[in-house]
$ cat coords.cif   # mmCIF, C-alpha atoms
data_target
loop_
_atom_site.group_PDB
_atom_site.id
_atom_site.type_symbol
_atom_site.label_atom_id
_atom_site.label_comp_id
_atom_site.auth_asym_id
_atom_site.auth_seq_id
_atom_site.Cartn_x
_atom_site.Cartn_y
_atom_site.Cartn_z
ATOM 1 C CA MET Q 30 -15.733 17.248 78.194
ATOM 2 C CA LYS Q 31 -17.807 18.253 75.191
ATOM 3 C CA ASP Q 32 -17.390 16.379 71.902
ATOM 4 C CA ILE Q 33 -15.105 18.905 70.228
ATOM 5 C CA SER Q 34 -11.741 18.416 68.561
ATOM 6 C CA VAL Q 35 -9.316 21.181 69.539
ATOM 7 C CA ILE Q 36 -6.441 21.878 67.123
ATOM 8 C CA TYR Q 37 -5.006 24.883 68.992
ATOM 9 C CA GLU Q 38 -5.874 26.936 72.042
ATOM 10 C CA ASP Q 39 -4.371 29.851 73.958
ATOM 11 C CA ASN Q 40 -5.759 32.770 75.977
ATOM 12 C CA HIS Q 41 -6.997 34.568 72.862
ATOM 13 C CA LEU Q 42 -8.366 32.007 70.427
ATOM 14 C CA ILE Q 43 -9.432 28.409 70.054
ATOM 15 C CA VAL Q 44 -9.260 26.494 66.764
ATOM 16 C CA ILE Q 45 -11.624 23.561 66.259
ATOM 17 C CA ASN Q 46 -11.722 20.716 63.717
ATOM 18 C CA LYS Q 47 -15.462 20.769 63.079
ATOM 19 C CA LYS Q 48 -17.316 17.511 62.500
ATOM 20 C CA PRO Q 49 -19.788 17.529 59.572
ATOM 21 C CA SER Q 50 -22.797 17.330 61.890
ATOM 22 C CA GLN Q 51 -21.817 20.307 64.068
ATOM 23 C CA ILE Q 52 -23.264 23.774 63.512
ATOM 24 C CA VAL Q 53 -21.508 27.097 63.985
ATOM 25 C CA GLN Q 54 -24.765 29.064 64.118
ATOM 26 C CA GLY Q 55 -28.153 28.029 65.487
ATOM 27 C CA ASP Q 56 -30.677 26.753 62.946
ATOM 28 C CA LYS Q 57 -34.246 25.445 62.885
ATOM 29 C CA THR Q 58 -33.139 22.040 64.236
ATOM 30 C CA GLY Q 59 -32.410 23.607 67.627
ATOM 31 C CA ASP Q 60 -29.274 21.443 67.898
ATOM 32 C CA GLU Q 61 -26.499 22.611 70.203
ATOM 33 C CA THR Q 62 -24.075 24.963 68.463
ATOM 34 C CA LEU Q 63 -20.288 24.765 68.481
ATOM 35 C CA PRO Q 64 -19.986 28.066 70.439
ATOM 36 C CA ASP Q 65 -22.219 26.579 73.155
ATOM 37 C CA MET Q 66 -20.120 23.397 73.224
ATOM 38 C CA ILE Q 67 -16.937 25.468 73.476
ATOM 39 C CA LYS Q 68 -18.335 27.551 76.333
ATOM 40 C CA SER Q 69 -19.176 24.363 78.244
ATOM 41 C CA TYR Q 70 -15.722 22.950 77.489
ATOM 42 C CA LEU Q 71 -13.970 26.130 78.722
ATOM 43 C CA LYS Q 72 -16.100 26.364 81.867
ATOM 44 C CA GLU Q 73 -15.271 22.772 82.743
ATOM 45 C CA LYS Q 74 -11.582 22.871 81.770
ATOM 46 C CA TYR Q 75 -10.787 26.075 83.648
ATOM 47 C CA ASN Q 76 -13.461 25.732 86.335
ATOM 48 C CA LYS Q 77 -14.865 29.136 85.375
ATOM 49 C CA PRO Q 78 -17.908 30.533 87.164
ATOM 50 C CA GLY Q 79 -20.390 32.716 85.279
ATOM 51 C CA ASN Q 80 -20.439 33.438 81.573
ATOM 52 C CA VAL Q 81 -17.639 32.434 79.205
ATOM 53 C CA PHE Q 82 -16.901 34.445 76.044
ATOM 54 C CA CYS Q 83 -16.786 32.649 72.690
ATOM 55 C CA GLY Q 84 -16.897 34.870 69.612
ATOM 56 C CA VAL Q 85 -17.753 33.526 66.163
ATOM 57 C CA VAL Q 86 -15.049 34.751 63.746
ATOM 58 C CA HIS Q 87 -16.235 32.953 60.568
ATOM 59 C CA ARG Q 88 -18.508 30.059 59.609
ATOM 60 C CA LEU Q 89 -18.551 26.700 57.859
ATOM 61 C CA ASP Q 90 -21.655 25.096 56.344
ATOM 62 C CA ARG Q 91 -23.114 22.373 58.549
ATOM 63 C CA PRO Q 92 -22.274 19.409 56.242
ATOM 64 C CA THR Q 93 -18.696 20.687 55.770
ATOM 65 C CA SER Q 94 -15.876 19.639 58.111
ATOM 66 C CA GLY Q 95 -12.593 21.223 59.108
ATOM 67 C CA ILE Q 96 -11.024 24.313 60.650
ATOM 68 C CA VAL Q 97 -13.138 26.918 62.437
ATOM 69 C CA VAL Q 98 -11.648 29.698 64.587
ATOM 70 C CA PHE Q 99 -13.343 31.186 67.643
ATOM 71 C CA ALA Q 100 -12.203 34.147 69.749
ATOM 72 C CA LYS Q 101 -11.881 33.950 73.537
ATOM 73 C CA THR Q 102 -11.864 37.753 74.018
ATOM 74 C CA SER Q 103 -13.750 40.619 72.380
ATOM 75 C CA LYS Q 104 -10.458 42.218 71.293
ATOM 76 C CA ALA Q 105 -9.358 39.001 69.570
ATOM 77 C CA LEU Q 106 -12.783 38.735 67.936
ATOM 78 C CA SER Q 107 -12.570 42.187 66.333
ATOM 79 C CA ARG Q 108 -8.974 41.675 65.144
ATOM 80 C CA LEU Q 109 -9.585 38.193 63.737
ATOM 81 C CA SER Q 110 -12.869 39.201 62.101
ATOM 82 C CA GLU Q 111 -11.092 42.077 60.358
ATOM 83 C CA GLN Q 112 -8.483 39.654 58.971
ATOM 84 C CA PHE Q 113 -11.164 37.452 57.442
ATOM 85 C CA LYS Q 114 -13.040 40.470 56.096
ATOM 86 C CA SER Q 115 -9.941 41.996 54.476
ATOM 87 C CA ARG Q 116 -8.795 38.577 53.157
ATOM 88 C CA GLU Q 117 -5.524 38.519 55.061
ATOM 89 C CA THR Q 118 -6.099 34.855 55.859
ATOM 90 C CA GLU Q 119 -5.163 31.968 53.547
ATOM 91 C CA LYS Q 120 -7.783 29.222 53.274
ATOM 92 C CA THR Q 121 -7.183 25.822 51.682
ATOM 93 C CA TYR Q 122 -9.966 23.262 51.293
ATOM 94 C CA TRP Q 123 -10.041 19.667 50.141
ATOM 95 C CA ALA Q 124 -12.996 18.625 48.009
ATOM 96 C CA VAL Q 125 -13.768 15.103 46.804
ATOM 97 C CA VAL Q 126 -15.752 15.414 43.566
ATOM 98 C CA GLU Q 127 -17.702 12.896 41.503
ATOM 99 C CA ASP Q 128 -16.327 13.871 38.093
ATOM 100 C CA ALA Q 129 -12.860 14.971 37.044
ATOM 101 C CA PRO Q 130 -12.562 18.703 36.291
ATOM 102 C CA PRO Q 131 -12.013 19.884 32.700
ATOM 103 C CA LYS Q 132 -8.463 20.995 33.581
ATOM 104 C CA ASP Q 133 -6.000 19.691 36.179
ATOM 105 C CA GLU Q 134 -5.839 23.168 37.687
ATOM 106 C CA GLU Q 135 -7.580 26.448 37.001
ATOM 107 C CA LYS Q 136 -8.631 29.748 38.547
ATOM 108 C CA LEU Q 137 -12.416 30.087 38.559
ATOM 109 C CA GLU Q 138 -14.191 33.437 38.628
ATOM 110 C CA HIS Q 139 -17.966 33.652 38.663
ATOM 111 C CA TYR Q 140 -20.660 35.958 39.944
ATOM 112 C CA LEU Q 141 -22.933 34.349 42.521
ATOM 113 C CA LEU Q 142 -26.394 35.260 43.747
ATOM 114 C CA LYS Q 143 -27.812 33.788 46.944
ATOM 115 C CA ASN Q 144 -31.431 32.633 47.028
ATOM 116 C CA GLU Q 145 -32.414 33.108 50.681
ATOM 117 C CA LYS Q 146 -35.542 30.927 50.510
ATOM 118 C CA GLN Q 147 -33.677 27.969 49.036
ATOM 119 C CA ASN Q 148 -30.469 28.649 50.994
ATOM 120 C CA LYS Q 149 -28.619 28.114 47.733
ATOM 121 C CA SER Q 150 -26.338 30.173 45.491
ATOM 122 C CA TYR Q 151 -26.473 30.376 41.710
ATOM 123 C CA ILE Q 152 -23.952 31.438 39.062
ATOM 124 C CA VAL Q 153 -25.407 34.504 37.325
ATOM 125 C CA ALA Q 154 -24.423 37.248 34.855
ATOM 126 C CA VAL Q 155 -22.060 39.947 36.086
ATOM 127 C CA ASP Q 156 -24.752 42.652 35.802
ATOM 128 C CA LYS Q 157 -27.383 40.747 37.810
ATOM 129 C CA PRO Q 158 -28.484 42.916 40.775
ATOM 130 C CA GLY Q 159 -27.074 41.570 44.044
ATOM 131 C CA ALA Q 160 -24.480 39.362 42.331
ATOM 132 C CA LYS Q 161 -21.100 39.075 44.074
ATOM 133 C CA LYS Q 162 -17.788 38.113 42.510
ATOM 134 C CA ALA Q 163 -16.426 34.728 43.628
ATOM 135 C CA SER Q 164 -12.861 33.621 43.019
ATOM 136 C CA LEU Q 165 -10.959 30.402 43.765
ATOM 137 C CA HIS Q 166 -8.168 28.220 42.397
ATOM 138 C CA TYR Q 167 -8.387 24.429 42.268
ATOM 139 C CA LYS Q 168 -5.750 21.803 41.593
ATOM 140 C CA MET Q 169 -6.368 18.088 41.160
ATOM 141 C CA ILE Q 170 -4.260 16.174 43.677
ATOM 142 C CA LYS Q 171 -5.299 12.514 43.465
ATOM 143 C CA SER Q 172 -7.885 10.196 41.926
ATOM 144 C CA SER Q 173 -9.445 6.903 42.994
ATOM 145 C CA THR Q 174 -11.372 4.655 40.614
ATOM 146 C CA ARG Q 175 -14.530 6.751 41.122
ATOM 147 C CA TYR Q 176 -13.631 10.048 42.795
ATOM 148 C CA HIS Q 177 -11.146 12.899 42.551
ATOM 149 C CA LEU Q 178 -9.491 15.006 45.252
ATOM 150 C CA LEU Q 179 -9.164 18.724 44.537
ATOM 151 C CA GLU Q 180 -7.196 21.214 46.624
ATOM 152 C CA VAL Q 181 -8.990 24.552 46.577
ATOM 153 C CA GLN Q 182 -7.525 27.951 47.465
ATOM 154 C CA LEU Q 183 -10.342 30.298 48.391
ATOM 155 C CA PHE Q 184 -9.880 33.991 47.550
ATOM 156 C CA THR Q 185 -13.375 35.239 48.446
ATOM 157 C CA GLY Q 186 -15.867 34.047 51.032
ATOM 158 C CA ARG Q 187 -19.236 33.805 49.306
ATOM 159 C CA HIS Q 188 -22.220 31.711 50.385
ATOM 160 C CA HIS Q 189 -21.678 28.056 49.347
ATOM 161 C CA GLN Q 190 -18.935 29.331 47.033
ATOM 162 C CA ILE Q 191 -16.844 26.179 46.539
ATOM 163 C CA ARG Q 192 -19.919 23.972 46.237
ATOM 164 C CA CYS Q 193 -21.535 26.275 43.671
ATOM 165 C CA GLN Q 194 -18.440 27.038 41.575
ATOM 166 C CA LEU Q 195 -17.279 23.411 41.357
ATOM 167 C CA ALA Q 196 -20.810 22.324 40.400
ATOM 168 C CA GLY Q 197 -20.678 25.037 37.729
ATOM 169 C CA ILE Q 198 -17.807 23.228 35.985
ATOM 170 C CA GLY Q 199 -19.483 19.823 36.327
ATOM 171 C CA CYS Q 200 -17.677 18.733 39.499
ATOM 172 C CA ALA Q 201 -20.317 18.256 42.211
ATOM 173 C CA VAL Q 202 -18.868 17.604 45.674
ATOM 174 C CA LYS Q 203 -19.544 14.017 46.790
ATOM 175 C CA GLY Q 204 -22.736 13.868 48.857
ATOM 176 C CA ASP Q 205 -23.860 17.393 47.943
ATOM 177 C CA LEU Q 206 -27.366 16.769 46.574
ATOM 178 C CA LYS Q 207 -28.166 20.493 46.706
ATOM 179 C CA TYR Q 208 -25.542 21.138 44.019
ATOM 180 C CA GLY Q 209 -26.067 18.117 41.814
ATOM 181 C CA ALA Q 210 -24.364 15.139 43.478
ATOM 182 C CA LYS Q 211 -25.798 11.795 42.352
ATOM 183 C CA ARG Q 212 -26.425 10.530 45.882
ATOM 184 C CA SER Q 213 -26.179 11.735 49.463
ATOM 185 C CA ASN Q 214 -23.723 10.552 52.121
ATOM 186 C CA LYS Q 215 -25.297 8.352 54.794
ATOM 187 C CA ASP Q 216 -24.367 10.723 57.615
ATOM 188 C CA GLY Q 217 -25.633 13.846 55.825
ATOM 189 C CA SER Q 218 -22.101 15.187 55.309
ATOM 190 C CA ILE Q 219 -20.537 16.363 52.081
ATOM 191 C CA HIS Q 220 -16.904 15.670 51.132
ATOM 192 C CA LEU Q 221 -15.704 19.242 51.606
ATOM 193 C CA HIS Q 222 -13.093 19.863 54.298
ATOM 194 C CA ALA Q 223 -11.450 23.086 55.479
ATOM 195 C CA ARG Q 224 -7.956 21.583 55.479
ATOM 196 C CA LYS Q 225 -5.552 24.485 56.175
ATOM 197 C CA LEU Q 226 -5.749 28.017 57.494
ATOM 198 C CA VAL Q 227 -3.046 30.655 57.837
ATOM 199 C CA LEU Q 228 -3.761 33.731 59.966
ATOM 200 C CA THR Q 229 -1.986 36.332 62.071
ATOM 201 C CA HIS Q 230 -2.269 35.923 65.838
ATOM 202 C CA PRO Q 231 -4.406 38.788 67.205
ATOM 203 C CA THR Q 232 -1.888 39.814 69.889
ATOM 204 C CA THR Q 233 1.559 38.350 69.121
ATOM 205 C CA LYS Q 234 1.191 39.123 65.362
ATOM 206 C CA GLU Q 235 2.852 35.783 64.623
ATOM 207 C CA ARG Q 236 1.752 34.068 61.405
ATOM 208 C CA LEU Q 237 0.151 30.726 62.303
ATOM 209 C CA LEU Q 238 -0.638 27.680 60.144
ATOM 210 C CA PHE Q 239 -3.323 25.198 61.203
ATOM 211 C CA VAL Q 240 -3.998 21.832 59.547
ATOM 212 C CA ALA Q 241 -7.129 19.777 60.236
ATOM 213 C CA PRO Q 242 -7.063 15.967 59.946
ATOM 214 C CA VAL Q 243 -9.812 14.620 57.663
ATOM 215 C CA PRO Q 244 -12.984 13.002 59.078
ATOM 216 C CA ASP Q 245 -12.899 9.337 60.056
ATOM 217 C CA ASP Q 246 -14.239 8.103 56.735
ATOM 218 C CA ASN Q 247 -12.760 5.461 54.416
ATOM 219 C CA LEU Q 248 -12.719 7.645 51.309
ATOM 220 C CA TRP Q 249 -11.149 10.595 53.141
ATOM 221 C CA LYS Q 250 -8.556 8.273 54.681
ATOM 222 C CA PHE Q 251 -7.762 6.813 51.260
ATOM 223 C CA PHE Q 252 -6.933 10.267 49.907
ATOM 224 C CA GLU Q 253 -5.075 11.429 53.012
ATOM 225 C CA ASP Q 254 -2.887 8.312 53.026
ATOM 226 C CA LEU Q 255 -1.891 8.503 49.368
#

$ encode --input "coords.cif" --output "structure tokens"
Amino acid sequence: MKDISVIYEDNHLIVINKKPSQIVQGDKTGDETLPDMIKSYLKEKYNKPGNVFCGVVHRLDRPTSGIVVFAKTSKALSRLSEQFKSRETEKTYWAVVEDAPPKDEEKLEHYLLKNEKQNKSYIVAVDKPGAKKASLHYKMIKSSTRYHLLEVQLFTGRHHQIRCQLAGIGCAVKGDLKYGAKRSNKDGSIHLHARKLVLTHPTTKERLLFVAPVPDDNLWKFFEDL
């Protein structure tokens, strides 16, 4: 079986706990994508001949870990995609940051502009052409001697939103050199994890909650065990 961690699966969707190295969409590295891995997994598990459907509902940055949802039918894909687009889902992330935030909890609202060439987003003035409003709420959960765990509720889905907004208040995510972290993580990951997701099942209409265990990493385990 392919090296994927399945949180939930039925005839309509499959929910994966993405490892930091895995990619949802193909990039210049040419590495195998998660949809390709899932297709191989489904073909093998169900002994399916021919093509297998795996629709990408939403994405996570490559160095980020945690919950990603894929659709197993085109109908499920359109219904789930609409939920994400209309913000009917509830997304909770865990972020380990290098410096404590100015407040224990706060709602952050910024306007972000993506630089395509740099694949990076910047906080800009509200009237900047192309700027999009970004909104989240963070709450400090725990601290170690050097790092701090924030729980982040995401209200919009902008490019690199959590990474950019937390850096904007002086709280770079551990390992995230692109947004000001002091040093990288050895495995190329960043300490940002899509921890929980609530969505409505595309056919039963039941409200579902998924929780993704943290990566196998001493710092993550320290925070999860507290």

$ resolve_selection --input "coords.cif" --expression "the PyMOL selection byres ((chain Q and resi 181) around 10)" --output "number ranges by chain"
Q: 120-124, 134-136, 165-169, 178-180, 182-184, 191, 195, 221-224

$ closest_residue --input "coords.cif" --among "Q:Gly159, Q:His189, Q:Ser107, Q:Leu42" --to "Q:Arg88" --atoms "all atoms listed in the file"
Q:His189

$ atom_distance --input "coords.cif" --atom1 "atom CA of Q:Thr232" --atom2 "atom CA of Q:Gln51"
28.5 Å

$ atom_distance --input "coords.cif" --atom1 "atom CA of Q:Ala210" --atom2 "atom CA of Q:Arg192"
10.3 Å

$ closest_residue --input "coords.cif" --among "Q:Ala201, Q:Ile33, Q:Tyr176, Q:Asp254" --to "Q:Pro64" --atoms "only C-alpha atoms"
Q:Ile33
